[in-house]
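*Asks:* The structure under discussion is supplied below as structure tokens; questions concerning it will follow.
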Amino acid sequence: MRESLEPADINDSSADAGKARKRPKPGERRLQILQVLAEMLQNPKGERVTTAALAAKIQVSEAALYRHFASKAQMFEGLISFIEQTVFGLINQINQKEESGLAQARGILQMLLFFAEKNPGMTRVLLGDALLQEDDRLQERITQVLDRVEASLKQALRIAQTQGGNWAQLGQEEVSIRAAMLMSFVLGRWHRFARSGFKKLPTEASDVSLRLLLSE
């Protein structure tokens with residue numbers, strides 16, 4: 001499963017400069033718009049991306065953008081859909097591979113840190129930073145995604161409860177608290193990554209951190 005939107009090559013090479021630009025195949029331009037939007041969100045200054053700047057980067061008119069997306073909000077919905085499909089696809093893979101609830105939780109946490117590290121622009125979407133001054137429903141949508149991720153962590157810890165050890169002695173309320181604490185750790189790492197201009201990596205010393213967080 002693809003874990004990142006690779007930036008599209010939007011510039012013609014010098015060898016092709018004199019040739020007529022090929023019309024993108026159906027769906028290619030739409031994907032290119034999302035790729036370039038994600039790339040522009042990687043700006044360490046965190047500036048708001050406008051449709052005018054996006055169109056200029058792709059070398060098309062703003063009207064061309066709206067032939068593929070009804071609104072700017074729909075472009076962000078496309079990024080959120082990519083995040084959702086990728087993250088939960090990977091969570092399913094982790095759960096199928098690992099029988100241990102703690103191993104599932106550790107794998108999910110490591111994946112979330114790595115996903116953000118590989119997709120800095122997506123990190124700003126996950127944090128809601130890139131969605132400021134955009135349609136309110138986008139914030140609601142990303143909140144729902146994060147709630148589902150926390151629910152996946154809670155489910156992994158509930159499995160750990162059934163597998164003996166000190167985890168078996170935990171009540172349901174404490175399991176919920178621990179799942180929220182794990183989610184807060186991930187969000188904190190994402191915030192630090194974005195605030196540092198994407199220099200302080202989310203995975204830095206993560207093995208030690210996760211060992212402490214998941215200790216019995």
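Following the order of the structure tokens, first chain is A, next is B, and so on, with residues numbered from 1 inside each chain and ligands from 1 in the order they appear.
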Compile the contact shell of Asp207 (chain A) as a list of chain:residue names: residues with an atom at most 10 Å away, counting only C-alpha atoms, same-chain residues fewer than 4 positions apart removed.
*Replies:*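 With the cut-off at 10 Å, the set is A:Arg106, A:Gln110, A:Thr203, A:Arg211, A:Leu212, A:Leu213.
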*Asks:* Quick check for you: according to DSSP on this backbone, which residues of region 19-216 of chain A are classed as helix (DSSP H, G or I)? Reply as a short mmCIF file (atom, residue, chain, number, x, y, z; two decimals) with C-alpha atoms, in the first residue's frame.
*Replies:*
```
data_model
loop_
_atom_site.label_atom_id
_atom_site.label_comp_id
_atom_site.auth_asym_id
_atom_site.auth_seq_id
_atom_site.Cartn_x
_atom_site.Cartn_y
_atom_site.Cartn_z
CA GLU A 28 -3.99 12.01 -13.74
CA ARG A 29 -4.59 15.75 -13.41
CA ARG A 30 -6.76 15.19 -10.32
CA LEU A 31 -3.97 13.15 -8.70
CA GLN A 32 -1.39 15.74 -9.72
CA ILE A 33 -3.42 18.50 -8.03
CA LEU A 34 -3.47 16.52 -4.78
CA GLN A 35 0.24 15.71 -5.05
CA VAL A 36 1.20 19.35 -5.54
CA LEU A 37 -1.17 20.52 -2.78
CA ALA A 38 0.47 18.06 -0.37
CA GLU A 39 3.91 19.26 -1.51
CA MET A 40 2.99 22.93 -0.93
CA THR A 51 -5.90 28.11 -5.34
CA ALA A 52 -4.06 30.82 -7.30
CA ALA A 53 -0.69 29.62 -5.96
CA LEU A 54 -1.65 26.00 -6.53
CA ALA A 55 -2.68 26.67 -10.13
CA ALA A 56 0.54 28.60 -10.76
CA LYS A 57 2.62 25.73 -9.36
CA ILE A 58 0.93 23.24 -11.70
CA GLU A 62 -7.67 28.26 -11.55
CA ALA A 63 -10.61 27.37 -13.78
CA ALA A 64 -8.74 24.17 -14.73
CA LEU A 65 -8.54 23.21 -11.05
CA LYS A 72 -10.94 23.90 -2.55
CA ALA A 73 -12.61 22.02 0.31
CA GLN A 74 -13.06 19.05 -2.02
CA MET A 75 -9.30 19.07 -2.68
CA PHE A 76 -8.63 18.79 1.05
CA GLU A 77 -11.27 16.07 1.27
CA GLY A 78 -9.21 14.19 -1.30
CA LEU A 79 -6.13 14.43 0.95
CA ILE A 80 -8.13 13.34 4.00
CA SER A 81 -9.48 10.35 2.05
CA PHE A 82 -5.91 9.38 1.14
CA ILE A 83 -4.88 9.63 4.80
CA GLU A 84 -7.89 7.61 5.94
CA GLN A 85 -7.47 4.83 3.38
CA THR A 86 -3.73 4.54 3.96
CA VAL A 87 -3.74 4.69 7.77
CA PHE A 88 -6.59 2.25 8.29
CA GLY A 89 -5.29 -0.06 5.58
CA LEU A 90 -1.99 -0.23 7.47
CA ILE A 91 -3.76 -0.70 10.81
CA ASN A 92 -5.60 -3.69 9.33
CA GLN A 93 -2.29 -5.14 8.11
CA ILE A 94 -0.74 -4.71 11.56
CA ASN A 95 -3.70 -6.35 13.30
CA GLN A 96 -3.62 -9.30 10.91
CA LYS A 97 0.11 -9.78 11.42
CA GLY A 101 -2.54 -6.69 21.66
CA LEU A 102 0.55 -4.81 22.84
CA ALA A 103 2.35 -5.60 19.58
CA GLN A 104 -0.66 -4.25 17.68
CA ALA A 105 -0.64 -1.03 19.72
CA ARG A 106 3.12 -0.62 19.26
CA GLY A 107 2.84 -1.23 15.52
CA ILE A 108 0.02 1.30 15.14
CA LEU A 109 1.96 3.94 17.07
CA GLN A 110 5.14 3.37 15.06
CA MET A 111 3.16 3.54 11.81
CA LEU A 112 1.53 6.85 12.80
CA LEU A 113 4.90 8.41 13.59
CA PHE A 114 6.47 7.11 10.37
CA PHE A 115 3.51 8.18 8.23
CA ALA A 116 3.82 11.77 9.46
CA GLU A 117 7.58 11.73 8.96
CA LYS A 118 7.19 10.56 5.37
CA PRO A 120 5.03 16.38 6.27
CA GLY A 121 2.22 18.10 4.36
CA MET A 122 -0.25 15.46 5.53
CA THR A 123 0.90 16.09 9.10
CA ARG A 124 -0.45 19.64 8.85
CA VAL A 125 -3.77 18.22 7.68
CA LEU A 126 -3.88 15.70 10.54
CA LEU A 127 -3.21 18.48 13.05
CA ASP A 129 -3.30 23.44 10.94
CA ALA A 130 -3.73 23.33 7.15
CA LEU A 131 -7.51 23.41 7.54
CA ASP A 136 -15.60 23.70 9.04
CA ARG A 137 -16.62 20.24 7.91
CA LEU A 138 -12.97 19.47 7.12
CA GLN A 139 -12.03 19.90 10.79
CA GLU A 140 -14.92 17.63 11.72
CA ARG A 141 -13.79 15.02 9.20
CA ILE A 142 -10.19 14.91 10.46
CA THR A 143 -11.45 14.75 14.06
CA GLN A 144 -13.46 11.68 13.11
CA VAL A 145 -10.35 10.08 11.58
CA LEU A 146 -8.35 10.69 14.77
CA ASP A 147 -11.19 9.34 16.92
CA ARG A 148 -11.16 6.15 14.85
CA VAL A 149 -7.40 5.83 15.30
CA GLU A 150 -7.79 6.17 19.08
CA ALA A 151 -10.54 3.54 18.97
CA SER A 152 -8.10 1.20 17.18
CA LEU A 153 -5.54 1.73 19.94
CA LYS A 154 -8.20 1.08 22.57
CA GLN A 155 -9.18 -2.16 20.84
CA ALA A 156 -5.53 -3.30 20.82
CA LEU A 157 -5.25 -2.61 24.56
CA ARG A 158 -8.48 -4.52 25.20
CA ILE A 159 -6.96 -7.51 23.43
CA ALA A 160 -3.90 -7.13 25.68
CA GLN A 161 -6.28 -7.28 28.65
CA ASN A 166 -0.67 -6.89 34.53
CA TRP A 167 -2.83 -5.63 31.65
CA ALA A 168 -5.49 -8.18 32.63
CA GLN A 169 -5.94 -6.31 35.91
CA GLN A 172 -12.19 -0.56 31.01
CA GLU A 173 -11.91 3.05 32.17
CA GLU A 174 -8.15 2.78 32.60
CA VAL A 175 -7.84 1.17 29.16
CA SER A 176 -9.67 4.17 27.68
CA ILE A 177 -7.40 6.56 29.58
CA ARG A 178 -4.28 4.77 28.34
CA ALA A 179 -5.51 4.81 24.74
CA ALA A 180 -6.11 8.58 25.02
CA MET A 181 -2.64 8.99 26.52
CA LEU A 182 -1.07 7.11 23.59
CA MET A 183 -2.97 9.29 21.12
CA SER A 184 -1.78 12.40 22.96
CA PHE A 185 1.81 11.17 22.60
CA VAL A 186 1.38 10.81 18.83
CA LEU A 187 -0.23 14.25 18.51
CA GLY A 188 2.58 15.75 20.56
CA ARG A 189 5.20 14.24 18.27
CA TRP A 190 3.32 15.53 15.22
CA HIS A 191 3.07 19.04 16.72
CA ARG A 192 6.78 19.10 17.54
CA PHE A 193 7.58 17.95 13.97
CA ALA A 194 5.47 20.72 12.41
CA ARG A 195 6.58 23.41 14.88
CA SER A 206 10.47 6.44 19.60
CA ASP A 207 11.48 2.90 20.60
CA VAL A 208 12.35 4.05 24.12
CA SER A 209 9.24 6.20 24.38
CA LEU A 210 6.92 3.42 23.26
CA ARG A 211 8.56 0.90 25.60
CA LEU A 212 7.82 3.23 28.52
CA LEU A 213 4.28 4.02 27.38
#
```
*Asks:* As an exercise, work out the distance from CA of Arg48 (chain A) to CA of Gln133 (chain A) in Å and give it to one decimal place.
*Replies:*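 That distance, rounded to one decimal, is 8.7 Å.
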